[in-house]
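Have a look at final34.txt; it's compact mmCIF, C-alpha atoms:
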# COMPACT_ATOMS: atom_id res chain seq x y z
CA MET X 100 -85.95 77.48 6.38
CA THR X 101 -86.97 75.01 3.67
CA ALA X 102 -90.42 73.43 3.75
CA THR X 103 -90.55 69.66 3.25
CA PHE X 104 -93.60 67.71 2.12
CA SER X 105 -92.36 64.12 2.17
CA ASP X 106 -95.30 61.67 2.24
CA GLN X 107 -97.78 64.50 1.70
CA VAL X 108 -100.25 64.97 -1.14
CA ALA X 109 -100.91 68.35 -2.74
CA LEU X 110 -103.66 69.20 -5.21
CA VAL X 111 -102.76 72.13 -7.48
CA ALA X 112 -105.73 73.30 -9.51
CA GLY X 113 -104.51 74.84 -12.75
CA GLY X 114 -101.18 73.22 -11.98
CA THR X 115 -99.80 73.50 -15.52
CA GLY X 116 -100.35 77.25 -16.03
CA GLY X 117 -97.92 80.11 -15.50
CA LEU X 118 -98.10 80.21 -11.70
CA GLY X 119 -99.53 76.73 -11.22
CA ARG X 120 -96.58 75.13 -12.99
CA ALA X 121 -94.15 76.84 -10.62
CA VAL X 122 -96.19 75.74 -7.61
CA SER X 123 -96.33 72.15 -8.85
CA LEU X 124 -92.57 72.01 -9.41
CA GLU X 125 -91.86 73.51 -5.98
CA PHE X 126 -94.08 70.93 -4.29
CA LEU X 127 -92.33 68.14 -6.22
CA ALA X 128 -88.91 69.49 -5.25
CA ALA X 129 -90.04 69.46 -1.62
CA GLY X 130 -90.96 65.77 -1.82
CA ALA X 131 -94.75 65.92 -2.23
CA LYS X 132 -96.95 63.78 -4.38
CA VAL X 133 -98.60 66.34 -6.65
CA VAL X 134 -101.96 66.07 -8.38
CA VAL X 135 -102.68 68.78 -10.94
CA THR X 136 -105.76 69.71 -12.90
CA TYR X 137 -105.34 70.99 -16.44
CA ARG X 138 -107.29 71.84 -19.58
CA ASN X 139 -104.41 71.69 -22.08
CA PRO X 140 -102.75 68.23 -22.43
CA ASP X 141 -99.64 69.77 -24.01
CA GLU X 142 -99.09 71.85 -20.88
CA PHE X 143 -99.26 68.72 -18.73
CA CYS X 144 -96.73 66.96 -20.97
CA SER X 145 -94.44 69.98 -20.63
CA LEU X 146 -94.79 69.87 -16.84
CA GLN X 147 -93.93 66.17 -16.80
CA LYS X 148 -90.73 66.88 -18.73
CA ALA X 149 -89.82 69.78 -16.44
CA ALA X 150 -90.35 67.55 -13.39
CA GLY X 151 -87.50 65.29 -14.50
CA PRO X 152 -86.84 62.48 -12.00
CA SER X 153 -89.77 63.68 -9.89
CA ALA X 154 -92.27 63.00 -12.69
CA SER X 155 -93.22 59.70 -11.04
CA MET X 156 -94.62 61.75 -8.14
CA LEU X 157 -96.85 63.74 -10.49
CA GLU X 158 -100.29 62.93 -11.80
CA GLY X 159 -102.69 64.98 -13.89
CA HIS X 160 -106.43 65.10 -14.42
CA ALA X 161 -108.30 66.98 -17.15
CA VAL X 162 -110.97 68.40 -14.86
CA ASP X 163 -113.21 71.44 -15.09
CA VAL X 164 -112.81 72.81 -11.57
CA THR X 165 -115.86 75.03 -11.91
CA ASP X 166 -117.89 71.79 -11.85
CA GLU X 167 -118.60 70.73 -8.25
CA ASN X 168 -119.37 67.13 -9.17
CA ALA X 169 -116.16 66.79 -11.17
CA VAL X 170 -114.13 68.22 -8.29
CA SER X 171 -115.86 65.92 -5.79
CA GLN X 172 -115.01 62.91 -7.95
CA LEU X 173 -111.40 64.06 -8.25
CA VAL X 174 -111.00 64.42 -4.49
CA ALA X 175 -112.53 60.97 -4.02
CA GLN X 176 -109.98 59.55 -6.48
CA ILE X 177 -107.11 61.23 -4.64
CA LEU X 178 -108.27 59.85 -1.30
CA SER X 179 -108.84 56.38 -2.74
CA LYS X 180 -105.34 56.27 -4.22
CA HIS X 181 -103.31 58.19 -1.66
CA GLY X 182 -105.42 58.10 1.49
CA ARG X 183 -104.99 61.79 2.27
CA LEU X 184 -105.00 65.32 0.95
CA ASN X 185 -102.66 67.64 2.81
CA ALA X 186 -102.74 70.77 0.69
CA MET X 187 -104.97 72.33 -1.94
CA VAL X 188 -103.86 75.33 -3.98
CA ASN X 189 -106.14 77.05 -6.46
CA THR X 190 -104.20 78.88 -9.16
CA VAL X 191 -107.05 78.89 -11.70
CA GLY X 192 -108.09 82.34 -12.86
CA ALA X 193 -108.46 84.77 -15.72
CA TYR X 194 -108.25 88.49 -16.39
CA ALA X 195 -110.44 90.80 -18.44
CA GLY X 196 -110.06 94.55 -18.32
CA SER X 197 -109.84 97.89 -20.11
CA VAL X 198 -113.63 97.95 -20.51
CA LYS X 199 -116.04 100.29 -18.75
CA LEU X 200 -118.73 98.50 -16.77
CA TRP X 201 -121.61 99.63 -18.98
CA GLU X 202 -119.74 98.39 -22.06
CA LEU X 203 -118.83 95.03 -20.56
CA ASP X 204 -120.13 91.88 -22.25
CA THR X 205 -122.18 90.01 -19.66
CA LYS X 206 -120.59 86.76 -20.83
CA VAL X 207 -117.20 88.17 -19.80
CA PHE X 208 -118.60 89.11 -16.39
CA ASP X 209 -119.93 85.57 -15.92
CA ARG X 210 -116.59 84.10 -17.02
CA MET X 211 -114.71 86.16 -14.42
CA LEU X 212 -117.06 84.95 -11.70
CA SER X 213 -116.72 81.37 -12.89
CA LEU X 214 -112.93 81.20 -13.14
CA ASN X 215 -111.98 83.55 -10.29
CA LEU X 216 -114.71 82.78 -7.76
CA ARG X 217 -116.60 79.57 -8.50
CA THR X 218 -113.38 77.56 -8.79
CA GLY X 219 -112.43 78.35 -5.19
CA TYR X 220 -115.99 77.53 -4.10
CA ALA X 221 -116.03 74.13 -5.82
CA LEU X 222 -112.52 73.18 -4.72
CA SER X 223 -113.09 74.19 -1.11
CA ARG X 224 -116.39 72.29 -0.93
CA GLY X 225 -114.57 69.25 -2.30
CA ALA X 226 -111.49 69.39 -0.09
CA VAL X 227 -112.57 70.81 3.26
CA PRO X 228 -114.83 67.97 4.52
CA HIS X 229 -111.98 65.48 4.11
CA MET X 230 -109.42 67.80 5.67
CA LEU X 231 -111.74 68.23 8.66
CA LYS X 232 -111.81 64.45 9.09
CA GLN X 233 -108.01 64.43 8.98
CA LYS X 234 -107.90 67.37 11.42
CA HIS X 235 -105.19 68.73 9.17
CA GLY X 236 -104.87 70.53 5.84
CA ALA X 237 -103.87 73.76 4.16
CA ILE X 238 -105.73 75.70 1.49
CA VAL X 239 -104.28 78.62 -0.47
CA ASN X 240 -106.36 80.53 -2.99
CA VAL X 241 -104.86 82.93 -5.51
CA ALA X 242 -106.83 86.18 -5.33
CA ALA X 243 -105.26 89.43 -6.58
CA LYS X 244 -104.17 92.91 -5.59
CA ALA X 245 -107.27 93.99 -7.54
CA ALA X 246 -109.40 92.55 -4.73
CA PHE X 247 -108.89 95.86 -2.93
CA ASP X 248 -107.16 98.06 -5.53
CA HIS X 249 -110.12 98.80 -7.80
CA ALA X 250 -108.89 100.33 -11.04
CA ALA X 251 -111.00 101.75 -13.85
CA GLY X 252 -111.93 99.25 -16.53
CA ALA X 253 -111.56 96.19 -14.29
CA SER X 254 -114.99 95.92 -12.69
CA ALA X 255 -115.63 92.24 -13.44
CA TYR X 256 -112.12 91.11 -12.55
CA ALA X 257 -111.93 93.18 -9.37
CA ALA X 258 -115.40 92.11 -8.25
CA SER X 259 -114.62 88.42 -8.77
CA LYS X 260 -111.31 88.63 -6.91
CA ALA X 261 -112.80 90.67 -4.06
CA ALA X 262 -115.57 88.10 -3.70
CA ALA X 263 -113.03 85.26 -3.74
CA LEU X 264 -111.03 86.95 -1.00
CA ALA X 265 -114.15 87.46 1.15
CA MET X 266 -115.27 83.87 0.58
CA LEU X 267 -111.94 82.40 1.71
CA ASP X 268 -111.85 84.76 4.69
CA CYS X 269 -115.25 83.43 5.77
CA LEU X 270 -114.06 79.86 5.19
CA ALA X 271 -111.08 80.52 7.43
CA ALA X 272 -113.49 81.60 10.17
CA ASP X 273 -115.63 78.50 9.56
CA VAL X 274 -112.70 76.11 10.13
CA LYS X 275 -110.92 78.00 12.90
CA GLY X 276 -109.53 75.61 15.50
CA THR X 277 -110.00 72.47 13.40
CA GLY X 278 -106.42 72.02 12.20
CA VAL X 279 -107.36 73.19 8.69
CA ARG X 280 -105.77 76.47 7.62
CA VAL X 281 -107.02 78.78 4.87
CA ASN X 282 -105.15 81.70 3.34
CA SER X 283 -105.15 83.83 0.19
CA ILE X 284 -102.34 85.46 -1.73
CA LEU X 285 -102.60 88.73 -3.62
CA PRO X 286 -100.40 88.96 -6.72
CA SER X 287 -100.44 91.84 -9.17
CA ILE X 288 -98.99 91.15 -12.65
CA ILE X 289 -96.96 87.94 -12.58
CA ASP X 290 -94.03 87.50 -14.95
CA THR X 291 -95.50 84.76 -17.14
CA GLU X 292 -95.23 84.13 -20.86
CA ALA X 293 -98.91 84.95 -21.32
CA ASN X 294 -98.58 88.31 -19.57
CA ARG X 295 -95.47 89.22 -21.55
CA LYS X 296 -97.33 88.51 -24.79
CA ALA X 297 -100.30 90.57 -23.60
CA MET X 298 -98.11 93.53 -22.56
CA PRO X 299 -95.01 93.47 -24.79
CA ASP X 300 -93.97 97.03 -23.90
CA ALA X 301 -94.09 96.55 -20.12
CA ASP X 302 -91.10 96.56 -17.78
CA TYR X 303 -90.91 92.87 -16.88
CA ALA X 304 -88.23 93.53 -14.27
CA THR X 305 -90.87 94.92 -11.90
CA TRP X 306 -93.08 91.82 -12.11
CA PRO X 307 -92.75 89.09 -9.45
CA LYS X 308 -91.57 85.72 -10.75
CA PRO X 309 -93.86 82.67 -10.48
CA GLU X 310 -91.13 80.79 -8.60
CA ASP X 311 -90.92 83.47 -5.92
CA ILE X 312 -94.69 83.42 -5.38
CA ALA X 313 -94.69 79.60 -5.39
CA ARG X 314 -92.26 79.57 -2.48
CA VAL X 315 -94.62 81.79 -0.49
CA ILE X 316 -97.46 79.37 -1.23
CA LEU X 317 -95.41 76.38 -0.09
CA PHE X 318 -94.53 78.19 3.13
CA LEU X 319 -98.22 78.82 3.81
CA CYS X 320 -98.96 75.12 3.24
CA SER X 321 -96.09 73.92 5.41
CA ASP X 322 -95.76 73.35 9.15
CA ASP X 323 -93.43 76.36 9.17
CA GLY X 324 -96.49 78.48 8.34
CA LYS X 325 -98.79 76.87 10.90
CA VAL X 326 -99.43 80.15 12.75
CA ILE X 327 -100.79 81.84 9.59
CA HIS X 328 -104.53 81.44 9.11
CA GLY X 329 -107.14 83.69 7.55
CA ALA X 330 -104.49 85.92 5.99
CA ALA X 331 -104.32 87.74 2.66
CA ILE X 332 -100.65 87.94 1.74
CA PRO X 333 -99.46 90.59 -0.78
CA VAL X 334 -96.97 89.03 -3.21
CA TYR X 335 -96.26 91.91 -5.57
CA GLY X 336 -93.12 93.34 -4.00
CA ASP X 337 -92.66 97.05 -4.53
CA SER X 338 -94.22 97.12 -8.01
Please lay out the structure from this file as structure tokens.
Amino acid sequence: MTATFSDQVALVAGGTGGLGRAVSLEFLAAGAKVVVTYRNPDEFCSLQKAAGPSASMLEGHAVDVTDENAVSQLVAQILSKHGRLNAMVNTVGAYAGSVKLWELDTKVFDRMLSLNLRTGYALSRGAVPHMLKQKHGAIVNVAAKAAFDHAAGASAYAASKAAALAMLDCLAADVKGTGVRVNSILPSIIDTEANRKAMPDADYATWPKPEDIARVILFLCSDDGKVIHGAAIPVYGDS
């Protein structure tokens, strides 16, 4: 079954990154108008080229999604231009590991909380009130397998992802019965260019592809996935 998003508007935070790019392209292929946030203009230009004929359905905003005011302004712009916001996917995140907790730089700890937790907080606060008015909307947040699989050397990353998972679970309870659905996905190591560079000796064949995870995200945002709410979906296969 193929999800269709004709006449729908999707916001993909971090929509030009490794996973975000795949999500953006899948939404475009399914007929959605796609709004992405980005920090690197070159990545947005690359996404526009990859979108091909669908590039006219794509728009980008250089927004810091840890900033609540900036996110609120972005959502207001989307609603002013398009009149609706049907889906919001947060693919923003970062990893820091291989450091024992007592040796961890506090700035790194704060960065993990900012990029892996605060982004979901700011984006949800921006999107949910409008989705409640619509009585319709889907939110998917990218957490991680590390939210419950707590390895040595990953205290800041695991803590931030566990907190993000708990926050979205509570949000799902908050909006139960309103027509707004909230879910999380739990990837492990995704087969992206950045991860290959970081781990050149790894077996890439065991890593899930961004496109495969993107299709799961689209399903969760679609009417086909309307019975799924408050879930945390593993997307790491048998790796």
Inset, instruction - Would you mind listing what lies within 9 Å of Ala262 in chain X as a PyMOL selection string, with only C-alpha atoms counted and same-chain residues fewer than 4 positions away left out? - result: chain X and resi 212+215-216+246+257-258+266-267
Go ahead and write the residues just picked, C-alpha atoms, as a short mmCIF file (atom, residue, chain, number, x, y, z; two decimals), in the frame of the given file.
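What ended up in again-v6.cif:
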data_model
loop_
_atom_site.label_atom_id
_atom_site.label_comp_id
_atom_site.auth_asym_id
_atom_site.auth_seq_id
_atom_site.Cartn_x
_atom_site.Cartn_y
_atom_site.Cartn_z
CA LEU X 212 -117.06 84.95 -11.70
CA ASN X 215 -111.98 83.55 -10.29
CA LEU X 216 -114.71 82.78 -7.76
CA ALA X 246 -109.40 92.55 -4.73
CA ALA X 257 -111.93 93.18 -9.37
CA ALA X 258 -115.40 92.11 -8.25
CA MET X 266 -115.27 83.87 0.58
CA LEU X 267 -111.94 82.40 1.71
#
Inset, instruction - Write out as an NGL selection string the residues lying within 10 Å of Ala265 in chain X, counting all atoms listed in the file and excluding same-chain residues fewer than 4 positions away. - result: :X and (242 or 246 or 259-261 or 269-271 or 283 or 331)
Taking all atoms of range 104-119 of chain X that the file lists, what box with edges along x, y and z, padded by 5 Å per side, do you get, with centre and edge lengths in Å to one decimal, as AutoDock Vina command-line options?
--center_x -99.0 --center_y 70.9 --center_z -6.9 --size_x 23.4 --size_y 28.5 --size_z 28.3
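For the atom pair formed by CA of Lys199 in chain X and CA of Met298 in chain X, the distance is 19.5 Å, given to one decimal.
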Considering only C-alpha atoms, give me a table of residues in range 105-200 of chain X that are at most 9 Å from range 302-310 of chain X, with the closest atom pair and distance in Å for each, as JSON lines.
{"residue": "X:Gly117", "atom": "CA", "partner": "X:Pro309", "partner_atom": "CA", "distance": 6.9}
{"residue": "X:Leu118", "atom": "CA", "partner": "X:Pro309", "partner_atom": "CA", "distance": 5.1}
{"residue": "X:Gly119", "atom": "CA", "partner": "X:Pro309", "partner_atom": "CA", "distance": 8.2}
{"residue": "X:Arg120", "atom": "CA", "partner": "X:Pro309", "partner_atom": "CA", "distance": 8.4}
{"residue": "X:Ala121", "atom": "CA", "partner": "X:Glu310", "partner_atom": "CA", "distance": 5.4}
{"residue": "X:Val122", "atom": "CA", "partner": "X:Glu310", "partner_atom": "CA", "distance": 7.2}
{"residue": "X:Leu124", "atom": "CA", "partner": "X:Glu310", "partner_atom": "CA", "distance": 8.9}
{"residue": "X:Glu125", "atom": "CA", "partner": "X:Glu310", "partner_atom": "CA", "distance": 7.8}
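Nearest-residue note for Ala313 in chain X: choosing from X:Thr205, X:Asn168, X:Ser123, X:Asn189, the minimum distance belongs to X:Ser123, counting all atoms listed in the file.
Residues lying within 8 Å of Thr277 in chain X, counting only C-alpha atoms and ignoring same-chain neighbours fewer than 3 positions away, are Leu231, Lys234, His235 and Val274 of chain X.
We find CA of Lys275 in chain X and CA of Ala221 in chain X to be spaced 19.8 Å apart.
Protein and nucleic acid residues near (-90.7, 65.8, -3.3) are X:Thr103, X:Phe104, X:Ser105, X:Asp106, X:Gln107, X:Val108, X:Leu124, X:Glu125, X:Phe126, X:Leu127, X:Ala128, X:Ala129, X:Gly130, X:Ala131, X:Lys132, X:Val133, X:Ser153, X:Ala154, X:Met156, X:Leu157, the criterion being any atom at most 10 Å away using all atoms listed in the file.
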Legend entry - Interatomic distance, CA of Ala237 in chain X to CA of Val281 in chain X (Å, one decimal): 6.0 Å
Inset, instruction - Name the residues in contact with Thr165 in chain X at a cut-off of 6 Å, using all atoms listed in the file, excluding same-chain residues fewer than 2 positions from it; report them as a PyMOL selection string. - result: chain X and resi 163+217-218
Legend entry - Cut-off 8 Å around (-108.6, 84.6, 11.5) with all atoms listed in the file: residues as an MDAnalysis selection string: chainID X and resid 268 271:272 275 328:330
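With all atoms listed in the file as the basis for measurement, X:Gln233 is the residue among X:Thr136, X:Ser155, X:Thr115, X:Gln233 that approaches Leu184 in chain X most closely.
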Legend entry - Non-local contacts of Leu173 in chain X (12 Å; all atoms listed in the file; under 6 positions in same chain excluded) as a PyMOL selection string: chain X and resi 110-112+134-136+158-164+166-167+179-181+184+221-222+225-226
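Counting only C-alpha atoms, the residue from X:Asp209, X:Ile284, X:Val315, X:Ser223 that sits nearest to Val170 in chain X is X:Ser223.
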Legend entry - Selected residue, from X:Gly116, X:Lys296, X:Lys232, X:Ala251, that lies nearest to Ala193 in chain X when counting all atoms listed in the file: X:Gly116
Inset, instruction - Check the smallest atom-to-atom distance from each of X:Tyr220, X:Phe318, X:Tyr335, X:Phe247 to Ser287 in chain X using only C-alpha atoms, then report the winner. - result: X:Tyr335
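Nearest-residue note for Tyr194 in chain X: choosing from X:His249, X:Arg314, X:Lys325, X:Arg210, the minimum distance belongs to X:Arg210, counting only C-alpha atoms.
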